[in-house]
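The data block below is upload-v4.pdb; it holds PDB, C-alpha atoms and all ligand atoms.
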ATOM      1  CA  MET A   1      16.872  34.552 -39.060
ATOM      2  CA  ALA A   2      16.371  30.855 -38.326
ATOM      3  CA  LYS A   3      13.687  29.189 -40.412
ATOM      4  CA  SER A   4      10.846  27.538 -38.541
ATOM      5  CA  PHE A   5      10.550  23.778 -38.639
ATOM      6  CA  TYR A   6       7.341  24.129 -40.653
ATOM      7  CA  ILE A   7       9.029  26.323 -43.327
ATOM      8  CA  ILE A   8      11.921  23.869 -43.676
ATOM      9  CA  LEU A   9       9.501  20.953 -44.028
ATOM     10  CA  LYS A  10       7.436  22.910 -46.539
ATOM     11  CA  GLU A  11      10.495  23.701 -48.692
ATOM     12  CA  ARG A  12      11.728  20.142 -48.674
ATOM     13  CA  PHE A  13       8.425  18.274 -48.933
ATOM     14  CA  PRO A  14       5.888  20.817 -50.180
ATOM     15  CA  ARG A  15       3.237  18.358 -51.303
ATOM     16  CA  SER A  16       3.313  16.098 -48.262
ATOM     17  CA  VAL A  17       3.229  19.024 -45.841
ATOM     18  CA  SER A  18       0.249  20.613 -47.485
ATOM     19  CA  PHE A  19      -1.505  17.215 -47.650
ATOM     20  CA  ALA A  20      -0.814  16.524 -43.948
ATOM     21  CA  ARG A  21      -1.970  20.004 -42.973
ATOM     22  CA  LYS A  22      -5.230  19.566 -44.862
ATOM     23  CA  LEU A  23      -5.698  16.095 -43.412
ATOM     24  CA  LEU A  24      -5.399  17.481 -39.901
ATOM     25  CA  ARG A  25      -7.168  20.793 -40.246
ATOM     26  CA  GLY A  26      -9.648  20.075 -42.990
ATOM     27  CA  GLY A  27      -9.107  23.251 -44.990
ATOM     28  CA  THR A  28     -10.045  26.604 -43.514
ATOM     29  CA  GLY A  29     -11.890  26.286 -40.226
ATOM     30  CA  GLN A  30     -12.203  23.721 -37.533
ATOM     31  CA  VAL A  31     -13.459  20.168 -37.759
ATOM     32  CA  GLN A  32     -14.536  18.330 -34.647
ATOM     33  CA  LYS A  33     -13.591  14.691 -35.067
ATOM     34  CA  THR A  34     -14.634  11.638 -33.065
ATOM     35  CA  ILE A  35     -13.139   8.671 -34.872
ATOM     36  CA  GLN A  36     -12.893   5.055 -33.743
ATOM     37  CA  GLY A  37     -11.227   2.772 -36.278
ATOM     38  CA  GLN A  38      -8.394   2.698 -38.750
ATOM     39  CA  GLY A  39      -7.680   4.102 -42.187
ATOM     40  CA  ASN A  40     -10.346   6.818 -42.008
ATOM     41  CA  ILE A  41      -9.458   9.870 -44.096
ATOM     42  CA  PHE A  42     -11.030  13.315 -44.130
ATOM     43  CA  THR A  43      -9.593  15.793 -46.619
ATOM     44  CA  ALA A  44     -10.893  19.233 -47.424
ATOM     45  CA  ASP A  45      -8.733  20.833 -50.069
ATOM     46  CA  ASP A  46      -9.088  24.601 -49.718
ATOM     47  CA  ALA A  47     -12.649  24.323 -48.457
ATOM     48  CA  THR A  48     -14.173  26.678 -45.898
ATOM     49  CA  LEU A  49     -15.696  24.753 -43.014
ATOM     50  CA  SER A  50     -17.576  25.896 -39.943
ATOM     51  CA  GLY A  51     -19.253  23.754 -37.313
ATOM     52  CA  VAL A  52     -18.312  20.555 -39.161
ATOM     53  CA  LYS A  53     -18.405  17.326 -37.135
ATOM     54  CA  VAL A  54     -16.994  13.995 -38.277
ATOM     55  CA  ASP A  55     -18.220  11.069 -36.190
ATOM     56  CA  ILE A  56     -16.981   7.665 -37.389
ATOM     57  CA  ILE A  57     -17.010   4.173 -35.963
ATOM     58  CA  GLY A  58     -15.489   1.863 -38.577
ATOM     59  CA  ASP A  59     -12.508   1.502 -40.878
ATOM     60  CA  ASN A  60     -11.337   2.822 -44.237
ATOM     61  CA  ASN A  61     -13.977   5.488 -44.694
ATOM     62  CA  ARG A  62     -13.086   8.400 -46.965
ATOM     63  CA  ILE A  63     -14.496  11.892 -47.015
ATOM     64  CA  ASN A  64     -13.169  14.318 -49.603
ATOM     65  CA  ILE A  65     -14.416  17.896 -49.815
ATOM     66  CA  GLY A  66     -13.423  19.671 -53.029
ATOM     67  CA  SER A  67     -11.716  23.023 -53.290
ATOM     68  CA  GLY A  68     -13.836  26.120 -52.921
ATOM     69  CA  CYS A  69     -16.602  24.275 -51.036
ATOM     70  CA  VAL A  70     -18.292  26.097 -48.161
ATOM     71  CA  LEU A  71     -19.785  23.768 -45.545
ATOM     72  CA  SER A  72     -21.622  25.054 -42.511
ATOM     73  CA  ASN A  73     -22.812  22.862 -39.611
ATOM     74  CA  VAL A  74     -22.458  19.570 -41.465
ATOM     75  CA  TYR A  75     -22.541  16.381 -39.391
ATOM     76  CA  PHE A  76     -20.875  13.356 -41.007
ATOM     77  CA  ARG A  77     -22.132  10.354 -39.037
ATOM     78  CA  LEU A  78     -20.636   7.099 -40.339
ATOM     79  CA  ARG A  79     -21.074   3.639 -38.886
ATOM     80  CA  GLY A  80     -19.398   0.724 -40.672
ATOM     81  CA  SER A  81     -16.523   0.526 -43.106
ATOM     82  CA  GLY A  82     -15.610   1.482 -46.643
ATOM     83  CA  HIS A  83     -18.027   4.404 -47.060
ATOM     84  CA  GLN A  84     -17.062   7.128 -49.541
ATOM     85  CA  ILE A  85     -18.238  10.730 -49.549
ATOM     86  CA  GLU A  86     -17.108  13.182 -52.170
ATOM     87  CA  PHE A  87     -18.104  16.794 -52.779
ATOM     88  CA  GLY A  88     -16.966  18.305 -56.070
ATOM     89  CA  GLU A  89     -15.547  21.802 -56.194
ATOM     90  CA  ALA A  90     -17.456  24.906 -55.112
ATOM     91  CA  CYS A  91     -20.403  23.148 -53.464
ATOM     92  CA  ARG A  92     -22.209  25.034 -50.726
ATOM     93  CA  VAL A  93     -24.018  23.479 -47.762
ATOM     94  CA  SER A  94     -25.596  26.109 -45.577
ATOM     95  CA  ARG A  95     -27.597  26.020 -42.344
ATOM     96  CA  GLY A  96     -26.659  22.413 -41.650
ATOM     97  CA  ALA A  97     -26.722  18.885 -42.972
ATOM     98  CA  VAL A  98     -26.801  15.399 -41.540
ATOM     99  CA  LEU A  99     -25.039  12.824 -43.707
ATOM    100  CA  TRP A 100     -25.893   9.509 -42.131
ATOM    101  CA  PHE A 101     -24.224   6.256 -43.201
ATOM    102  CA  GLU A 102     -24.811   2.749 -41.867
ATOM    103  CA  ASP A 103     -23.837  -0.799 -42.910
ATOM    104  CA  ARG A 104     -20.858  -0.667 -45.295
ATOM    105  CA  GLU A 105     -19.554   0.708 -48.609
ATOM    106  CA  GLY A 106     -22.161   3.401 -49.032
ATOM    107  CA  VAL A 107     -21.428   6.186 -51.494
ATOM    108  CA  LEU A 108     -22.399   9.857 -51.650
ATOM    109  CA  ARG A 109     -21.087  11.814 -54.616
ATOM    110  CA  VAL A 110     -22.087  15.439 -55.073
ATOM    111  CA  GLY A 111     -21.243  17.206 -58.329
ATOM    112  CA  PRO A 112     -19.506  20.596 -58.528
ATOM    113  CA  ARG A 113     -21.395  23.827 -57.712
ATOM    114  CA  THR A 114     -24.349  22.033 -56.123
ATOM    115  CA  THR A 115     -25.990  23.921 -53.253
ATOM    116  CA  MET A 116     -27.917  22.543 -50.287
ATOM    117  CA  VAL A 117     -29.714  23.971 -47.273
ATOM    118  CA  GLU A 118     -30.668  21.844 -44.236
ATOM    119  CA  ILE A 119     -30.403  18.457 -45.886
ATOM    120  CA  HIS A 120     -30.570  14.963 -44.456
ATOM    121  CA  ILE A 121     -29.082  12.156 -46.538
ATOM    122  CA  ALA A 122     -29.236   8.566 -45.277
ATOM    123  CA  VAL A 123     -27.252   5.842 -47.045
ATOM    124  CA  THR A 124     -27.627   2.195 -46.015
ATOM    125  CA  GLU A 125     -27.092  -1.303 -47.438
ATOM    126  CA  LYS A 126     -24.173  -0.514 -49.774
ATOM    127  CA  ALA A 127     -26.280   1.880 -51.824
ATOM    128  CA  LYS A 128     -25.283   5.106 -53.540
ATOM    129  CA  VAL A 129     -26.568   8.639 -53.709
ATOM    130  CA  ILE A 130     -25.214  10.291 -56.837
ATOM    131  CA  ILE A 131     -25.983  13.977 -57.307
ATOM    132  CA  GLY A 132     -24.991  15.850 -60.441
ATOM    133  CA  GLU A 133     -23.434  19.263 -60.884
ATOM    134  CA  ASP A 134     -25.203  22.583 -60.296
ATOM    135  CA  CYS A 135     -28.203  21.134 -58.461
ATOM    136  CA  MET A 136     -30.124  23.422 -56.112
ATOM    137  CA  PHE A 137     -31.676  21.871 -53.006
ATOM    138  CA  ALA A 138     -33.833  24.094 -50.796
ATOM    139  CA  ASN A 139     -34.383  23.702 -47.053
ATOM    140  CA  ASP A 140     -35.664  20.587 -45.299
ATOM    141  CA  ILE A 141     -34.838  17.913 -47.886
ATOM    142  CA  ASP A 142     -34.618  14.247 -46.983
ATOM    143  CA  ILE A 143     -32.919  11.787 -49.348
ATOM    144  CA  ARG A 144     -32.658   8.125 -48.438
ATOM    145  CA  THR A 145     -31.535   4.941 -50.170
ATOM    146  CA  GLY A 146     -33.504   2.691 -47.832
ATOM    147  CA  ASP A 147     -36.233   2.603 -45.211
ATOM    148  CA  SER A 148     -33.938   1.695 -42.306
ATOM    149  CA  HIS A 149     -36.300  -1.075 -41.186
ATOM    150  CA  SER A 150     -37.709  -4.149 -42.928
ATOM    151  CA  VAL A 151     -41.142  -4.543 -44.498
ATOM    152  CA  ILE A 152     -42.021  -8.242 -44.590
ATOM    153  CA  ASP A 153     -44.474 -10.136 -46.805
ATOM    154  CA  VAL A 154     -46.268 -12.323 -44.259
ATOM    155  CA  LYS A 155     -47.067 -15.028 -46.825
ATOM    156  CA  THR A 156     -43.475 -15.606 -47.940
ATOM    157  CA  GLY A 157     -41.527 -14.170 -44.998
ATOM    158  CA  GLU A 158     -39.461 -12.203 -47.498
ATOM    159  CA  ARG A 159     -38.332  -8.654 -47.110
ATOM    160  CA  LEU A 160     -39.979  -6.347 -49.627
ATOM    161  CA  ASN A 161     -38.038  -3.122 -49.225
ATOM    162  CA  HIS A 162     -34.385  -3.536 -50.056
ATOM    163  CA  ALA A 163     -32.328  -0.381 -50.582
ATOM    164  CA  GLY A 164     -31.795   1.207 -53.994
ATOM    165  CA  ASP A 165     -29.480   3.868 -55.394
ATOM    166  CA  VAL A 166     -30.761   7.412 -55.714
ATOM    167  CA  VAL A 167     -29.540   9.285 -58.785
ATOM    168  CA  ILE A 168     -30.215  12.991 -59.173
ATOM    169  CA  SER A 169     -28.882  14.197 -62.503
ATOM    170  CA  ARG A 170     -27.238  17.533 -63.205
ATOM    171  CA  HIS A 171     -29.123  20.801 -62.731
ATOM    172  CA  VAL A 172     -32.078  19.513 -60.714
ATOM    173  CA  TRP A 173     -33.994  21.885 -58.404
ATOM    174  CA  ILE A 174     -35.609  20.349 -55.336
ATOM    175  CA  ALA A 175     -38.029  22.722 -53.572
ATOM    176  CA  PRO A 176     -38.495  22.760 -49.750
ATOM    177  CA  HIS A 177     -39.906  19.992 -47.516
ATOM    178  CA  THR A 178     -39.344  17.193 -50.020
ATOM    179  CA  VAL A 179     -38.499  13.546 -49.479
ATOM    180  CA  VAL A 180     -36.739  11.444 -52.135
ATOM    181  CA  LEU A 181     -37.006   7.724 -51.455
ATOM    182  CA  LYS A 182     -34.997   4.639 -52.446
ATOM    183  CA  GLY A 183     -34.361   3.745 -56.085
ATOM    184  CA  VAL A 184     -35.419   7.098 -57.534
ATOM    185  CA  ASP A 185     -33.698   8.559 -60.598
ATOM    186  CA  ILE A 186     -34.461  12.219 -61.410
ATOM    187  CA  GLY A 187     -33.613  13.406 -64.918
ATOM    188  CA  GLU A 188     -31.575  16.548 -65.609
ATOM    189  CA  ASP A 189     -33.118  20.048 -65.555
ATOM    190  CA  SER A 190     -36.137  18.715 -63.644
ATOM    191  CA  ILE A 191     -37.864  20.391 -60.691
ATOM    192  CA  ILE A 192     -39.413  18.695 -57.671
ATOM    193  CA  ALA A 193     -42.193  20.898 -56.282
ATOM    194  CA  THR A 194     -42.589  21.945 -52.648
ATOM    195  CA  GLY A 195     -43.646  19.266 -50.192
ATOM    196  CA  SER A 196     -43.275  16.309 -52.561
ATOM    197  CA  VAL A 197     -42.698  12.710 -51.653
ATOM    198  CA  VAL A 198     -40.826  11.231 -54.615
ATOM    199  CA  THR A 199     -41.217   7.475 -54.848
ATOM    200  CA  LYS A 200     -40.799   6.996 -58.628
ATOM    201  CA  SER A 201     -38.219   8.118 -61.182
ATOM    202  CA  CYS A 202     -38.824  10.831 -63.756
ATOM    203  CA  GLU A 203     -37.413  11.881 -67.115
ATOM    204  CA  ALA A 204     -35.354  14.992 -67.826
ATOM    205  CA  GLY A 205     -37.039  18.389 -68.030
ATOM    206  CA  VAL A 206     -40.206  17.824 -65.997
ATOM    207  CA  ILE A 207     -41.826  19.188 -62.848
ATOM    208  CA  MET A 208     -42.888  16.504 -60.393
ATOM    209  CA  GLY A 209     -45.033  17.290 -57.395
ATOM    210  CA  GLY A 210     -47.370  15.901 -54.752
ATOM    211  CA  ASN A 211     -47.492  12.879 -52.509
ATOM    212  CA  PRO A 212     -46.738  10.523 -54.162
ATOM    213  CA  ALA A 213     -45.089  12.851 -56.702
ATOM    214  CA  LYS A 214     -46.399  12.763 -60.296
ATOM    215  CA  VAL A 215     -45.303  14.634 -63.390
ATOM    216  CA  ILE A 216     -47.222  17.917 -63.504
ATOM    217  CA  LYS A 217     -45.396  19.721 -66.358
ATOM    218  CA  THR A 218     -43.084  18.636 -69.174
ATOM    219  CA  ASP A 219     -40.580  20.492 -71.439
ATOM    220  CA  ILE A 220     -39.198  22.422 -68.488
ATOM    221  CA  SER A 221     -35.860  23.899 -67.496
ATOM    222  CA  TRP A 222     -35.005  26.515 -64.846
ATOM    223  CA  LYS A 223     -32.494  29.178 -63.810
ATOM    224  CA  ARG A 224     -31.324  30.379 -60.421
ATOM    225  CA  GLU A 225     -31.885  34.006 -61.481
ATOM    226  CA  ARG A 226     -35.332  35.656 -61.316
ATOM    227  CA  LEU A 227     -35.863  36.742 -64.905
ATOM    228  CA  ALA A 228     -37.936  39.863 -65.428
ATOM    229  CA  LYS A 229     -41.267  39.641 -67.287
ATOM    230  CA  THR A 230     -40.832  40.370 -70.978
TER     231      THR A 230
HETATM  232  C1  LIG B 301     -42.273  23.681 -58.780
HETATM  233  C2  LIG B 301     -42.918  25.058 -58.894
HETATM  234  C3  LIG B 301     -41.826  26.100 -59.069
HETATM  235  C4  LIG B 301     -43.821  24.987 -60.130
HETATM  236  O1  LIG B 301     -44.435  26.240 -60.334
HETATM  237  P1  LIG B 301     -45.337  26.488 -61.659
HETATM  238  O2  LIG B 301     -44.605  26.033 -62.874
HETATM  239  O3  LIG B 301     -45.801  27.887 -61.628
HETATM  240  O4  LIG B 301     -46.549  25.458 -61.439
HETATM  241  P2  LIG B 301     -48.105  25.809 -61.379
HETATM  242  O5  LIG B 301     -48.396  26.660 -60.208
HETATM  243  O6  LIG B 301     -48.526  26.255 -62.752
HETATM  244  O7  LIG B 301     -48.737  24.382 -61.079
HETATM  245  C5  LIG B 301     -48.945  23.394 -62.097
HETATM  246  C6  LIG B 301     -49.817  22.309 -61.516
HETATM  247  O8  LIG B 301     -49.083  21.640 -60.496
HETATM  248  C7  LIG B 301     -49.748  21.724 -59.232
HETATM  249  N1  LIG B 301     -48.736  21.971 -58.207
HETATM  250  C8  LIG B 301     -47.960  23.058 -58.058
HETATM  251  N2  LIG B 301     -47.145  22.910 -57.011
HETATM  252  C9  LIG B 301     -47.417  21.710 -56.480
HETATM  253  C10 LIG B 301     -46.931  20.998 -55.357
HETATM  254  N3  LIG B 301     -45.982  21.504 -54.579
HETATM  255  N4  LIG B 301     -47.425  19.786 -55.107
HETATM  256  C11 LIG B 301     -48.396  19.263 -55.886
HETATM  257  N5  LIG B 301     -48.909  19.895 -56.962
HETATM  258  C12 LIG B 301     -48.418  21.099 -57.242
HETATM  259  C13 LIG B 301     -50.712  22.879 -59.383
HETATM  260  O9  LIG B 301     -51.823  22.754 -58.531
HETATM  261  C14 LIG B 301     -51.077  22.803 -60.838
HETATM  262  O10 LIG B 301     -52.047  21.779 -60.961
HETATM  263  P3  LIG B 301     -53.209  21.857 -62.087
HETATM  264  O11 LIG B 301     -52.505  21.826 -63.417
HETATM  265  O12 LIG B 301     -54.054  20.656 -61.828
HETATM  266  O13 LIG B 301     -53.915  23.156 -61.860
HETATM  267  C15 LIG B 301     -43.752  25.394 -57.656
HETATM  268  O14 LIG B 301     -44.844  24.479 -57.588
HETATM  269  C16 LIG B 301     -42.976  25.259 -56.329
HETATM  270  O15 LIG B 301     -42.788  24.195 -55.765
HETATM  271  N6  LIG B 301     -42.506  26.416 -55.824
HETATM  272  C17 LIG B 301     -41.802  26.489 -54.576
HETATM  273  C18 LIG B 301     -40.517  27.185 -54.817
HETATM  274  C19 LIG B 301     -39.798  27.525 -53.553
HETATM  275  O16 LIG B 301     -40.133  27.138 -52.450
HETATM  276  N7  LIG B 301     -38.738  28.288 -53.740
HETATM  277  C20 LIG B 301     -37.903  28.747 -52.663
HETATM  278  C21 LIG B 301     -36.824  27.784 -52.285
HETATM  279  S1  LIG B 301     -35.942  27.001 -53.577
END
As structure tokens, the full file:
Amino acid sequence: MAKSFYIILKERFPRSVSFARKLLRGGTGQVQKTIQGQGNIFTADDATLSGVKVDIIGDNNRINIGSGCVLSNVYFRLRGSGHQIEFGEACRVSRGAVLWFEDREGVLRVGPRTTMVEIHIAVTEKAKVIIGEDCMFANDIDIRTGDSHSVIDVKTGERLNHAGDVVISRHVWIAPHTVVLKGVDIGEDSIIATGSVVTKSCEAGVIMGGNPAKVIKTDISWKRERLAKT
């Protein structure tokens, strides 16, 4: 029986065929793409995608979704050039996300096995959002590197609110309805309590809560499992 064109290509150039297939299809599932510009790359190596939209106006933007990731209803909205988005392996984004990039050379890096539900991440002014491995983000979380608009000191005419990187270390739990603002660094194993507005950094192993969030407990860690009372 005659071999299909695809089989022949796959035998002769196995790596390039699989790369091209992933580039076009974005792993398992469909990706709706609206792209204006050049050199934009979306790869999803063995990820499972549903309802994913990639909307880019700009050049040389890269989105790489690691193997084993499951992404549902994620909207990648990029304006400008040189942005980089990377999800490590086995991340899960459920119920939807908006990943919103403006200006240029913004970075979002999400560590392996991190899970998110209904998240909004906004990256502007060349800033970075770096999220460690095995973090757990509940529903309705907003993370932003900037304020999108300028706050001006009327005496000097200077802008007061430039963007800043957000760093969330490994194994951080962020409870629902929380906002993490520019320049915040959250230490590993920490928990951000429900409904917090985080404007300042915190050390590892604490619970922060409130608006503005303050440390409410120290010497803390957490587990995804509900442990029985002993
Ligand atoms: C972070 C959390 C787990 C901490 O629980 P906990 O260790 O039992 O904390 P406590 O209830 O002992 O509260 C400690 C203190 O922090 C305060 N506090 C608790 N949650 C707070 C919040 N969301 N904002 C502000 N303060 C808070 C308490 O009033 C208490 O203050 P006090 O010492 O002056 O009395 C819990 O506050 C929380 O946010 N739970 C929501 C979890 C959730 O939504 N899970 C489902 C999706 S992931």
Kindly provide, as AutoDock Vina command-line options, the centre and edge lengths (Å, one decimal) of an axis-aligned box around all atoms of ligand LIG 301 (chain B) given in the file, with 6 Å on each side.
--center_x -45.0 --center_y 24.0 --center_z -57.9 --size_x 30.1 --size_y 21.5 --size_z 23.1
- Task: Tell me which residues the PyMOL selection byres (((chain A and resi 213) around 7) and not hetatm) grabs here, as number ranges by chain.
- Result: A: 196-199, 208-212, 214-215
Okay, now the selection with C-alpha atoms, as a JSON list (two decimals), in the coordinates of the input?
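Contents of result_6.json, as written:
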[["chain", "number", "residue", "atom", "x", "y", "z"],
["A", 196, "SER", "CA", -43.28, 16.31, -52.56],
["A", 197, "VAL", "CA", -42.70, 12.71, -51.65],
["A", 198, "VAL", "CA", -40.83, 11.23, -54.62],
["A", 199, "THR", "CA", -41.22, 7.48, -54.85],
["A", 208, "MET", "CA", -42.89, 16.50, -60.39],
["A", 209, "GLY", "CA", -45.03, 17.29, -57.40],
["A", 210, "GLY", "CA", -47.37, 15.90, -54.75],
["A", 211, "ASN", "CA", -47.49, 12.88, -52.51],
["A", 212, "PRO", "CA", -46.74, 10.52, -54.16],
["A", 214, "LYS", "CA", -46.40, 12.76, -60.30],
["A", 215, "VAL", "CA", -45.30, 14.63, -63.39]]
Result set of the PyMOL selection byres (((chain A and resi 106-119) around 9) and not hetatm) on the coordinates above, as a CSV table (one decimal) with C-alpha atoms, in the frame of the given file:
chain,number,residue,atom,x,y,z
A,66,GLY,CA,-13.4,19.7,-53.0
A,69,CYS,CA,-16.6,24.3,-51.0
A,74,VAL,CA,-22.5,19.6,-41.5
A,81,SER,CA,-16.5,0.5,-43.1
A,82,GLY,CA,-15.6,1.5,-46.6
A,83,HIS,CA,-18.0,4.4,-47.1
A,84,GLN,CA,-17.1,7.1,-49.5
A,85,ILE,CA,-18.2,10.7,-49.5
A,86,GLU,CA,-17.1,13.2,-52.2
A,87,PHE,CA,-18.1,16.8,-52.8
A,88,GLY,CA,-17.0,18.3,-56.1
A,89,GLU,CA,-15.5,21.8,-56.2
A,90,ALA,CA,-17.5,24.9,-55.1
A,91,CYS,CA,-20.4,23.1,-53.5
A,92,ARG,CA,-22.2,25.0,-50.7
A,93,VAL,CA,-24.0,23.5,-47.8
A,94,SER,CA,-25.6,26.1,-45.6
A,95,ARG,CA,-27.6,26.0,-42.3
A,96,GLY,CA,-26.7,22.4,-41.6
A,97,ALA,CA,-26.7,18.9,-43.0
A,98,VAL,CA,-26.8,15.4,-41.5
A,99,LEU,CA,-25.0,12.8,-43.7
A,101,PHE,CA,-24.2,6.3,-43.2
A,102,GLU,CA,-24.8,2.7,-41.9
A,103,ASP,CA,-23.8,-0.8,-42.9
A,104,ARG,CA,-20.9,-0.7,-45.3
A,105,GLU,CA,-19.6,0.7,-48.6
A,120,HIS,CA,-30.6,15.0,-44.5
A,121,ILE,CA,-29.1,12.2,-46.5
A,123,VAL,CA,-27.3,5.8,-47.0
A,124,THR,CA,-27.6,2.2,-46.0
A,125,GLU,CA,-27.1,-1.3,-47.4
A,126,LYS,CA,-24.2,-0.5,-49.8
A,127,ALA,CA,-26.3,1.9,-51.8
A,128,LYS,CA,-25.3,5.1,-53.5
A,129,VAL,CA,-26.6,8.6,-53.7
A,130,ILE,CA,-25.2,10.3,-56.8
A,131,ILE,CA,-26.0,14.0,-57.3
A,132,GLY,CA,-25.0,15.8,-60.4
A,133,GLU,CA,-23.4,19.3,-60.9
A,134,ASP,CA,-25.2,22.6,-60.3
A,135,CYS,CA,-28.2,21.1,-58.5
A,136,MET,CA,-30.1,23.4,-56.1
A,137,PHE,CA,-31.7,21.9,-53.0
A,138,ALA,CA,-33.8,24.1,-50.8
A,139,ASN,CA,-34.4,23.7,-47.1
A,140,ASP,CA,-35.7,20.6,-45.3
A,141,ILE,CA,-34.8,17.9,-47.9
A,142,ASP,CA,-34.6,14.2,-47.0
A,143,ILE,CA,-32.9,11.8,-49.3
A,170,ARG,CA,-27.2,17.5,-63.2
A,171,HIS,CA,-29.1,20.8,-62.7
- Message: I'd like the interatomic distance between atom CA of A:Gly187 and atom CA of A:Ile207, to a tenth of an Å.
- Response: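 Between atom CA of A:Gly187 and atom CA of A:Ile207 the gap works out to 10.3 Å.
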- Message: Using all atoms listed in the file for the distances, tell me which of A:Leu227, A:Ala193, A:Lys200, A:Ile174 is nearest to ligand LIG 301 (chain B).
- Response: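 Going through A:Leu227, A:Ala193, A:Lys200, A:Ile174 one by one, the smallest distance to ligand LIG 301 (chain B) is for A:Ala193.
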Check which residues satisfy the PyMOL selection byres (((chain A and resi 189) around 8) and not hetatm) in the file shown, then give them as a short mmCIF file (atom, residue, chain, number, x, y, z; two decimals) with C-alpha atoms, keeping the file's coordinate frame.
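The new file result-v9.cif reads:
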data_model
loop_
_atom_site.label_atom_id
_atom_site.label_comp_id
_atom_site.auth_asym_id
_atom_site.auth_seq_id
_atom_site.Cartn_x
_atom_site.Cartn_y
_atom_site.Cartn_z
CA SER A 169 -28.88 14.20 -62.50
CA ARG A 170 -27.24 17.53 -63.20
CA HIS A 171 -29.12 20.80 -62.73
CA VAL A 172 -32.08 19.51 -60.71
CA TRP A 173 -33.99 21.88 -58.40
CA GLY A 187 -33.61 13.41 -64.92
CA GLU A 188 -31.58 16.55 -65.61
CA SER A 190 -36.14 18.72 -63.64
CA ILE A 191 -37.86 20.39 -60.69
CA ALA A 204 -35.35 14.99 -67.83
CA GLY A 205 -37.04 18.39 -68.03
CA VAL A 206 -40.21 17.82 -66.00
CA ILE A 220 -39.20 22.42 -68.49
CA SER A 221 -35.86 23.90 -67.50
CA TRP A 222 -35.01 26.52 -64.85
#
- Message: Report, in Å to a single decimal, how far apart atom CA of A:Asp165 and atom CA of A:Asp55 are.
- Response: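 Computed distance, atom CA of A:Asp55 to atom CA of A:Asp165, equals 23.4 Å.
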- Query: Which of these, A:Cys202, A:Ala44, A:Val31, A:Ala175, has the shortest distance to ligand LIG 301 (chain B) once you count all atoms listed in the file?
  - Reply: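 Using all atoms listed in the file, the shortest distance to ligand LIG 301 (chain B) belongs to A:Ala175.
Between atom CA of A:Gly164 and atom CA of A:Lys182 the interatomic distance comes to 4.9 Å.
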- Message: Which residues are close to stretch 157-161 of chain A, i.e. within 9 Å by only C-alpha atoms, leaving aside same-chain residues fewer than 6 positions away? Reply as an MDAnalysis selection string.
- Response: chainID A and resid 146:147 149:151 182
Save stretch 150-190 of chain A from what I just supplied, as a PDB file, in the first residue's frame, atoms limited to C-alpha atoms.
ATOM      1  CA  SER A 150       0.569  57.077  35.125  1.00  0.00           C
ATOM      2  CA  VAL A 151       0.442  58.595  38.601  1.00  0.00           C
ATOM      3  CA  ILE A 152       2.156  61.989  38.509  1.00  0.00           C
ATOM      4  CA  ASP A 153       3.734  64.028  41.314  1.00  0.00           C
ATOM      5  CA  VAL A 154       2.331  67.496  40.617  1.00  0.00           C
ATOM      6  CA  LYS A 155       5.314  69.258  42.210  1.00  0.00           C
ATOM      7  CA  THR A 156       7.971  67.588  40.058  1.00  0.00           C
ATOM      8  CA  GLY A 157       5.904  66.402  37.086  1.00  0.00           C
ATOM      9  CA  GLU A 158       7.511  62.991  37.501  1.00  0.00           C
ATOM     10  CA  ARG A 159       5.774  59.688  37.187  1.00  0.00           C
ATOM     11  CA  LEU A 160       5.616  57.838  40.491  1.00  0.00           C
ATOM     12  CA  ASN A 161       4.394  54.400  39.485  1.00  0.00           C
ATOM     13  CA  HIS A 162       6.784  52.658  37.147  1.00  0.00           C
ATOM     14  CA  ALA A 163       6.317  48.923  36.611  1.00  0.00           C
ATOM     15  CA  GLY A 164       8.131  46.287  38.663  1.00  0.00           C
ATOM     16  CA  ASP A 165       8.673  42.543  38.363  1.00  0.00           C
ATOM     17  CA  VAL A 166       6.415  40.213  40.306  1.00  0.00           C
ATOM     18  CA  VAL A 167       8.122  37.114  41.691  1.00  0.00           C
ATOM     19  CA  ILE A 168       6.084  34.331  43.254  1.00  0.00           C
ATOM     20  CA  SER A 169       8.390  31.633  44.567  1.00  0.00           C
ATOM     21  CA  ARG A 170       7.774  27.900  44.491  1.00  0.00           C
ATOM     22  CA  HIS A 171       4.837  26.346  46.340  1.00  0.00           C
ATOM     23  CA  VAL A 172       2.826  29.495  47.045  1.00  0.00           C
ATOM     24  CA  TRP A 173      -0.954  29.266  47.588  1.00  0.00           C
ATOM     25  CA  ILE A 174      -3.012  32.286  46.576  1.00  0.00           C
ATOM     26  CA  ALA A 175      -6.615  32.132  47.837  1.00  0.00           C
ATOM     27  CA  PRO A 176      -9.584  33.553  45.839  1.00  0.00           C
ATOM     28  CA  HIS A 177     -10.281  37.201  44.917  1.00  0.00           C
ATOM     29  CA  THR A 178      -6.708  38.384  45.423  1.00  0.00           C
ATOM     30  CA  VAL A 179      -4.740  41.084  43.651  1.00  0.00           C
ATOM     31  CA  VAL A 180      -0.926  41.061  43.499  1.00  0.00           C
ATOM     32  CA  LEU A 181       0.506  44.415  42.463  1.00  0.00           C
ATOM     33  CA  LYS A 182       3.768  45.595  40.880  1.00  0.00           C
ATOM     34  CA  GLY A 183       7.146  44.841  42.449  1.00  0.00           C
ATOM     35  CA  VAL A 184       5.900  42.194  44.880  1.00  0.00           C
ATOM     36  CA  ASP A 185       8.041  39.182  45.792  1.00  0.00           C
ATOM     37  CA  ILE A 186       6.296  36.345  47.673  1.00  0.00           C
ATOM     38  CA  GLY A 187       8.533  33.846  49.458  1.00  0.00           C
ATOM     39  CA  GLU A 188       8.183  30.077  49.035  1.00  0.00           C
ATOM     40  CA  ASP A 189       5.569  28.032  50.936  1.00  0.00           C
ATOM     41  CA  SER A 190       3.630  31.215  51.744  1.00  0.00           C
TER      42      SER A 190
END
